[in-house]
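Novice: Starting off with a structure, shown below.
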Amino acid sequence: MKLKSLNVGNFLNFERVSIDLTNQNVVFGMNDVGKTNLLFAIRFLLDRDLRKNGYRDQTILKM
């Protein structure tokens, strides 16, 4: 599977965001802008066990 773009809406601190992905991507930015939440959104998409248990605020702490 190859992800070409990612659209996130109403997830943690993201109201709506759209990102085009390439072969190599770098996530960087200031503190508290949502870097970890973006990676958690990708993990939530790809991790079947995480989706099966549903989203809970404590889940992000177990990364």
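Lettering and numbering for the structure tokens are positional, with chains as A, B, ... in the shown order, residues counted from 1 in each chain, and ligands counted from 1 in the shown order.
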List every residue of chain A that DSSP, applied to the backbone of this structure, assigns to strand (DSSP E or B), and report them as a list in words.
Specialist: Ser5, Leu6, Asn7, Val8, Gly9, Asn10, Phe11, Phe14, Glu15, Arg16, Val17, Ser18, Ile19 and Asp20 of chain A
Novice: Using Å and a single decimal, report how far CA of Asp49 in chain A sits from CA of Val17 in chain A.
Specialist: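 If I compute the distance from CA of Val17 in chain A to CA of Asp49 in chain A, I get 24.4 Å.
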Novice: Quick check, in Å to one decimal: how far apart do CA of Asp20 in chain A and CA of Lys52 in chain A lie?
Specialist: 26.8 Å
Novice: From a backbone DSSP assignment, name each residue in chain A labelled helix (DSSP H, G or I), as an mmCIF file with all heavy atoms, in the first residue's frame.
Specialist:
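Just written: part-v4.cif:
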```
data_model
loop_
_atom_site.group_PDB
_atom_site.id
_atom_site.type_symbol
_atom_site.label_atom_id
_atom_site.label_comp_id
_atom_site.auth_asym_id
_atom_site.auth_seq_id
_atom_site.Cartn_x
_atom_site.Cartn_y
_atom_site.Cartn_z
ATOM 1 N N LYS A 35 2.499 17.778 15.680
ATOM 2 C CA LYS A 35 3.332 16.779 14.994
ATOM 3 C C LYS A 35 2.995 15.370 15.471
ATOM 4 O O LYS A 35 2.772 14.466 14.665
ATOM 5 C CB LYS A 35 4.818 17.081 15.225
ATOM 6 C CG LYS A 35 5.284 18.407 14.692
ATOM 7 C CD LYS A 35 6.749 18.659 14.999
ATOM 8 C CE LYS A 35 7.084 18.702 16.461
ATOM 9 N NZ LYS A 35 6.610 19.878 17.186
ATOM 10 N N THR A 36 2.939 15.175 16.767
ATOM 11 C CA THR A 36 2.628 13.864 17.320
ATOM 12 C C THR A 36 1.203 13.456 16.970
ATOM 13 O O THR A 36 0.937 12.288 16.663
ATOM 14 C CB THR A 36 2.818 13.871 18.847
ATOM 15 O OG1 THR A 36 4.167 14.236 19.133
ATOM 16 C CG2 THR A 36 2.532 12.509 19.457
ATOM 17 N N ASN A 37 0.280 14.399 16.973
ATOM 18 C CA ASN A 37 -1.109 14.085 16.617
ATOM 19 C C ASN A 37 -1.221 13.670 15.159
ATOM 20 O O ASN A 37 -2.032 12.806 14.819
ATOM 21 C CB ASN A 37 -2.016 15.272 16.903
ATOM 22 C CG ASN A 37 -2.171 15.522 18.385
ATOM 23 O OD1 ASN A 37 -1.886 14.661 19.201
ATOM 24 N ND2 ASN A 37 -2.615 16.710 18.735
ATOM 25 N N LEU A 38 -0.420 14.263 14.283
ATOM 26 C CA LEU A 38 -0.411 13.868 12.877
ATOM 27 C C LEU A 38 0.088 12.435 12.736
ATOM 28 O O LEU A 38 -0.522 11.615 12.032
ATOM 29 C CB LEU A 38 0.456 14.810 12.047
ATOM 30 C CG LEU A 38 0.607 14.416 10.583
ATOM 31 C CD1 LEU A 38 -0.731 14.517 9.864
ATOM 32 C CD2 LEU A 38 1.645 15.286 9.913
ATOM 33 N N LEU A 39 1.165 12.105 13.410
ATOM 34 C CA LEU A 39 1.690 10.741 13.354
ATOM 35 C C LEU A 39 0.710 9.753 13.984
ATOM 36 O O LEU A 39 0.566 8.624 13.516
ATOM 37 C CB LEU A 39 3.052 10.673 14.043
ATOM 38 C CG LEU A 39 4.141 11.514 13.378
ATOM 39 C CD1 LEU A 39 5.420 11.456 14.194
ATOM 40 C CD2 LEU A 39 4.393 11.062 11.957
ATOM 41 N N PHE A 40 0.003 10.177 15.035
ATOM 42 C CA PHE A 40 -1.002 9.318 15.649
ATOM 43 C C PHE A 40 -2.176 9.091 14.697
ATOM 44 O O PHE A 40 -2.743 7.996 14.666
ATOM 45 C CB PHE A 40 -1.487 9.916 16.963
ATOM 46 C CG PHE A 40 -2.438 9.015 17.694
ATOM 47 C CD1 PHE A 40 -2.006 7.843 18.275
ATOM 48 C CD2 PHE A 40 -3.773 9.338 17.777
ATOM 49 C CE1 PHE A 40 -2.886 6.997 18.929
ATOM 50 C CE2 PHE A 40 -4.657 8.508 18.429
ATOM 51 C CZ PHE A 40 -4.213 7.344 19.006
ATOM 52 N N ALA A 41 -2.528 10.089 13.911
ATOM 53 C CA ALA A 41 -3.600 9.920 12.922
ATOM 54 C C ALA A 41 -3.212 8.866 11.886
ATOM 55 O O ALA A 41 -4.036 8.026 11.502
ATOM 56 C CB ALA A 41 -3.903 11.257 12.244
ATOM 57 N N ILE A 42 -1.960 8.883 11.463
ATOM 58 C CA ILE A 42 -1.481 7.874 10.514
ATOM 59 C C ILE A 42 -1.484 6.505 11.172
ATOM 60 O O ILE A 42 -1.908 5.506 10.577
ATOM 61 C CB ILE A 42 -0.081 8.239 9.983
ATOM 62 C CG1 ILE A 42 -0.157 9.527 9.170
ATOM 63 C CG2 ILE A 42 0.502 7.099 9.155
ATOM 64 C CD1 ILE A 42 1.188 10.093 8.790
ATOM 65 N N ARG A 43 -1.047 6.445 12.416
ATOM 66 C CA ARG A 43 -1.051 5.174 13.140
ATOM 67 C C ARG A 43 -2.477 4.665 13.320
ATOM 68 O O ARG A 43 -2.741 3.467 13.176
ATOM 69 C CB ARG A 43 -0.386 5.359 14.499
ATOM 70 C CG ARG A 43 -0.349 4.097 15.306
ATOM 71 C CD ARG A 43 0.389 4.276 16.606
ATOM 72 N NE ARG A 43 0.229 3.088 17.413
ATOM 73 C CZ ARG A 43 0.094 3.087 18.714
ATOM 74 N NH1 ARG A 43 0.108 4.217 19.374
ATOM 75 N NH2 ARG A 43 -0.049 1.983 19.379
ATOM 76 N N PHE A 44 -3.404 5.560 13.631
ATOM 77 C CA PHE A 44 -4.800 5.183 13.796
ATOM 78 C C PHE A 44 -5.358 4.605 12.495
ATOM 79 O O PHE A 44 -6.135 3.655 12.507
ATOM 80 C CB PHE A 44 -5.612 6.405 14.228
ATOM 81 C CG PHE A 44 -7.014 6.095 14.644
ATOM 82 C CD1 PHE A 44 -7.284 5.584 15.897
ATOM 83 C CD2 PHE A 44 -8.065 6.321 13.778
ATOM 84 C CE1 PHE A 44 -8.585 5.296 16.289
ATOM 85 C CE2 PHE A 44 -9.363 6.041 14.157
ATOM 86 C CZ PHE A 44 -9.621 5.528 15.409
ATOM 87 N N LEU A 45 -4.932 5.142 11.373
ATOM 88 C CA LEU A 45 -5.371 4.659 10.069
ATOM 89 C C LEU A 45 -4.833 3.262 9.772
ATOM 90 O O LEU A 45 -5.539 2.406 9.252
ATOM 91 C CB LEU A 45 -4.904 5.635 8.976
ATOM 92 C CG LEU A 45 -5.135 5.229 7.534
ATOM 93 C CD1 LEU A 45 -6.626 5.246 7.231
ATOM 94 C CD2 LEU A 45 -4.382 6.162 6.607
ATOM 95 N N LEU A 46 -3.581 3.015 10.135
ATOM 96 C CA LEU A 46 -2.911 1.781 9.742
ATOM 97 C C LEU A 46 -2.969 0.662 10.785
ATOM 98 O O LEU A 46 -2.761 -0.500 10.436
ATOM 99 C CB LEU A 46 -1.446 2.076 9.410
ATOM 100 C CG LEU A 46 -1.221 3.049 8.257
ATOM 101 C CD1 LEU A 46 0.260 3.345 8.099
ATOM 102 C CD2 LEU A 46 -1.805 2.515 6.972
ATOM 103 N N ARG A 48 -4.861 -1.731 12.955
ATOM 104 C CA ARG A 48 -6.191 -2.329 13.100
ATOM 105 C C ARG A 48 -6.584 -2.485 14.566
ATOM 106 O O ARG A 48 -7.732 -2.260 14.938
ATOM 107 C CB ARG A 48 -6.218 -3.683 12.411
ATOM 108 C CG ARG A 48 -7.557 -4.351 12.457
ATOM 109 C CD ARG A 48 -7.574 -5.707 11.805
ATOM 110 N NE ARG A 48 -6.681 -5.746 10.650
ATOM 111 C CZ ARG A 48 -6.504 -6.784 9.874
ATOM 112 N NH1 ARG A 48 -7.167 -7.872 10.109
ATOM 113 N NH2 ARG A 48 -5.664 -6.745 8.857
ATOM 114 N N ASP A 49 -5.658 -2.903 15.426
ATOM 115 C CA ASP A 49 -5.967 -3.088 16.841
ATOM 116 C C ASP A 49 -6.345 -1.771 17.513
ATOM 117 O O ASP A 49 -7.221 -1.735 18.370
ATOM 118 C CB ASP A 49 -4.784 -3.714 17.582
ATOM 119 C CG ASP A 49 -4.549 -5.153 17.165
ATOM 120 O OD1 ASP A 49 -5.523 -5.822 16.759
ATOM 121 O OD2 ASP A 49 -3.393 -5.603 17.251
ATOM 122 N N LEU A 50 -5.698 -0.705 17.128
ATOM 123 C CA LEU A 50 -6.013 0.607 17.692
ATOM 124 C C LEU A 50 -7.424 1.038 17.295
ATOM 125 O O LEU A 50 -8.174 1.535 18.129
ATOM 126 C CB LEU A 50 -4.984 1.638 17.210
ATOM 127 C CG LEU A 50 -5.016 2.995 17.850
ATOM 128 C CD1 LEU A 50 -4.750 2.891 19.338
ATOM 129 C CD2 LEU A 50 -3.951 3.874 17.221
ATOM 130 N N ARG A 51 -7.805 0.814 16.058
ATOM 131 C CA ARG A 51 -9.164 1.149 15.601
ATOM 132 C C ARG A 51 -10.206 0.251 16.249
ATOM 133 O O ARG A 51 -11.301 0.683 16.588
ATOM 134 C CB ARG A 51 -9.268 1.035 14.084
ATOM 135 C CG ARG A 51 -8.564 2.123 13.337
ATOM 136 C CD ARG A 51 -8.930 2.103 11.866
ATOM 137 N NE ARG A 51 -8.965 0.791 11.251
ATOM 138 C CZ ARG A 51 -7.920 0.177 10.701
ATOM 139 N NH1 ARG A 51 -6.750 0.777 10.682
ATOM 140 N NH2 ARG A 51 -8.043 -1.011 10.148
ATOM 141 N N LYS A 52 -9.861 -1.025 16.431
ATOM 142 C CA LYS A 52 -10.799 -1.982 17.008
ATOM 143 C C LYS A 52 -11.197 -1.578 18.429
ATOM 144 O O LYS A 52 -12.347 -1.697 18.819
ATOM 145 C CB LYS A 52 -10.180 -3.376 17.016
ATOM 146 C CG LYS A 52 -11.075 -4.455 17.597
ATOM 147 C CD LYS A 52 -10.476 -5.832 17.466
ATOM 148 C CE LYS A 52 -9.155 -5.900 18.212
ATOM 149 N NZ LYS A 52 -8.549 -7.221 18.204
ATOM 150 N N ASN A 53 -10.235 -1.087 19.194
ATOM 151 C CA ASN A 53 -10.495 -0.684 20.573
ATOM 152 C C ASN A 53 -11.141 0.692 20.659
ATOM 153 O O ASN A 53 -11.552 1.106 21.732
ATOM 154 C CB ASN A 53 -9.205 -0.701 21.382
ATOM 155 C CG ASN A 53 -8.658 -2.112 21.521
ATOM 156 O OD1 ASN A 53 -9.399 -3.070 21.537
ATOM 157 N ND2 ASN A 53 -7.349 -2.223 21.592
ATOM 158 N N ASP A 57 -8.527 9.081 24.807
ATOM 159 C CA ASP A 57 -7.455 10.060 25.015
ATOM 160 C C ASP A 57 -6.190 9.407 25.567
ATOM 161 O O ASP A 57 -5.096 9.805 25.269
ATOM 162 C CB ASP A 57 -7.899 11.166 25.969
ATOM 163 C CG ASP A 57 -8.873 12.115 25.317
ATOM 164 O OD1 ASP A 57 -8.873 12.190 24.085
ATOM 165 O OD2 ASP A 57 -9.636 12.771 26.047
ATOM 166 N N GLN A 58 -6.323 8.357 26.367
ATOM 167 C CA GLN A 58 -5.164 7.701 26.947
ATOM 168 C C GLN A 58 -4.358 6.939 25.900
ATOM 169 O O GLN A 58 -3.196 6.666 26.108
ATOM 170 C CB GLN A 58 -5.596 6.705 28.033
ATOM 171 C CG GLN A 58 -6.286 7.334 29.191
ATOM 172 C CD GLN A 58 -7.773 7.514 28.962
ATOM 173 O OE1 GLN A 58 -8.323 7.037 27.970
ATOM 174 N NE2 GLN A 58 -8.442 8.214 29.849
ATOM 175 N N THR A 59 -4.961 6.627 24.769
ATOM 176 C CA THR A 59 -4.296 5.828 23.741
ATOM 177 C C THR A 59 -3.046 6.518 23.227
ATOM 178 O O THR A 59 -2.035 5.878 22.973
ATOM 179 C CB THR A 59 -5.253 5.567 22.560
ATOM 180 O OG1 THR A 59 -6.455 5.032 23.075
ATOM 181 C CG2 THR A 59 -4.648 4.601 21.573
ATOM 182 N N ILE A 60 -3.056 7.839 23.101
ATOM 183 C CA ILE A 60 -1.916 8.560 22.549
ATOM 184 C C ILE A 60 -0.703 8.467 23.467
ATOM 185 O O ILE A 60 0.427 8.518 23.032
ATOM 186 C CB ILE A 60 -2.289 10.026 22.245
ATOM 187 C CG1 ILE A 60 -1.251 10.631 21.311
ATOM 188 C CG2 ILE A 60 -2.426 10.845 23.506
ATOM 189 C CD1 ILE A 60 -1.699 11.911 20.677
ATOM 190 N N LEU A 61 -0.909 8.255 24.747
ATOM 191 C CA LEU A 61 0.190 8.159 25.685
ATOM 192 C C LEU A 61 0.926 6.838 25.585
ATOM 193 O O LEU A 61 2.038 6.711 26.056
ATOM 194 C CB LEU A 61 -0.323 8.368 27.123
ATOM 195 C CG LEU A 61 -0.996 9.696 27.376
ATOM 196 C CD1 LEU A 61 -1.570 9.727 28.787
ATOM 197 C CD2 LEU A 61 -0.045 10.850 27.163
ATOM 198 N N LYS A 62 0.333 5.834 24.945
ATOM 199 C CA LYS A 62 0.940 4.505 24.860
ATOM 200 C C LYS A 62 1.785 4.323 23.616
ATOM 201 O O LYS A 62 2.202 3.227 23.313
ATOM 202 C CB LYS A 62 -0.159 3.441 24.892
ATOM 203 C CG LYS A 62 -0.899 3.428 26.192
ATOM 204 C CD LYS A 62 -1.983 2.381 26.167
ATOM 205 C CE LYS A 62 -2.779 2.418 27.455
ATOM 206 N NZ LYS A 62 -3.864 1.465 27.450
#
```
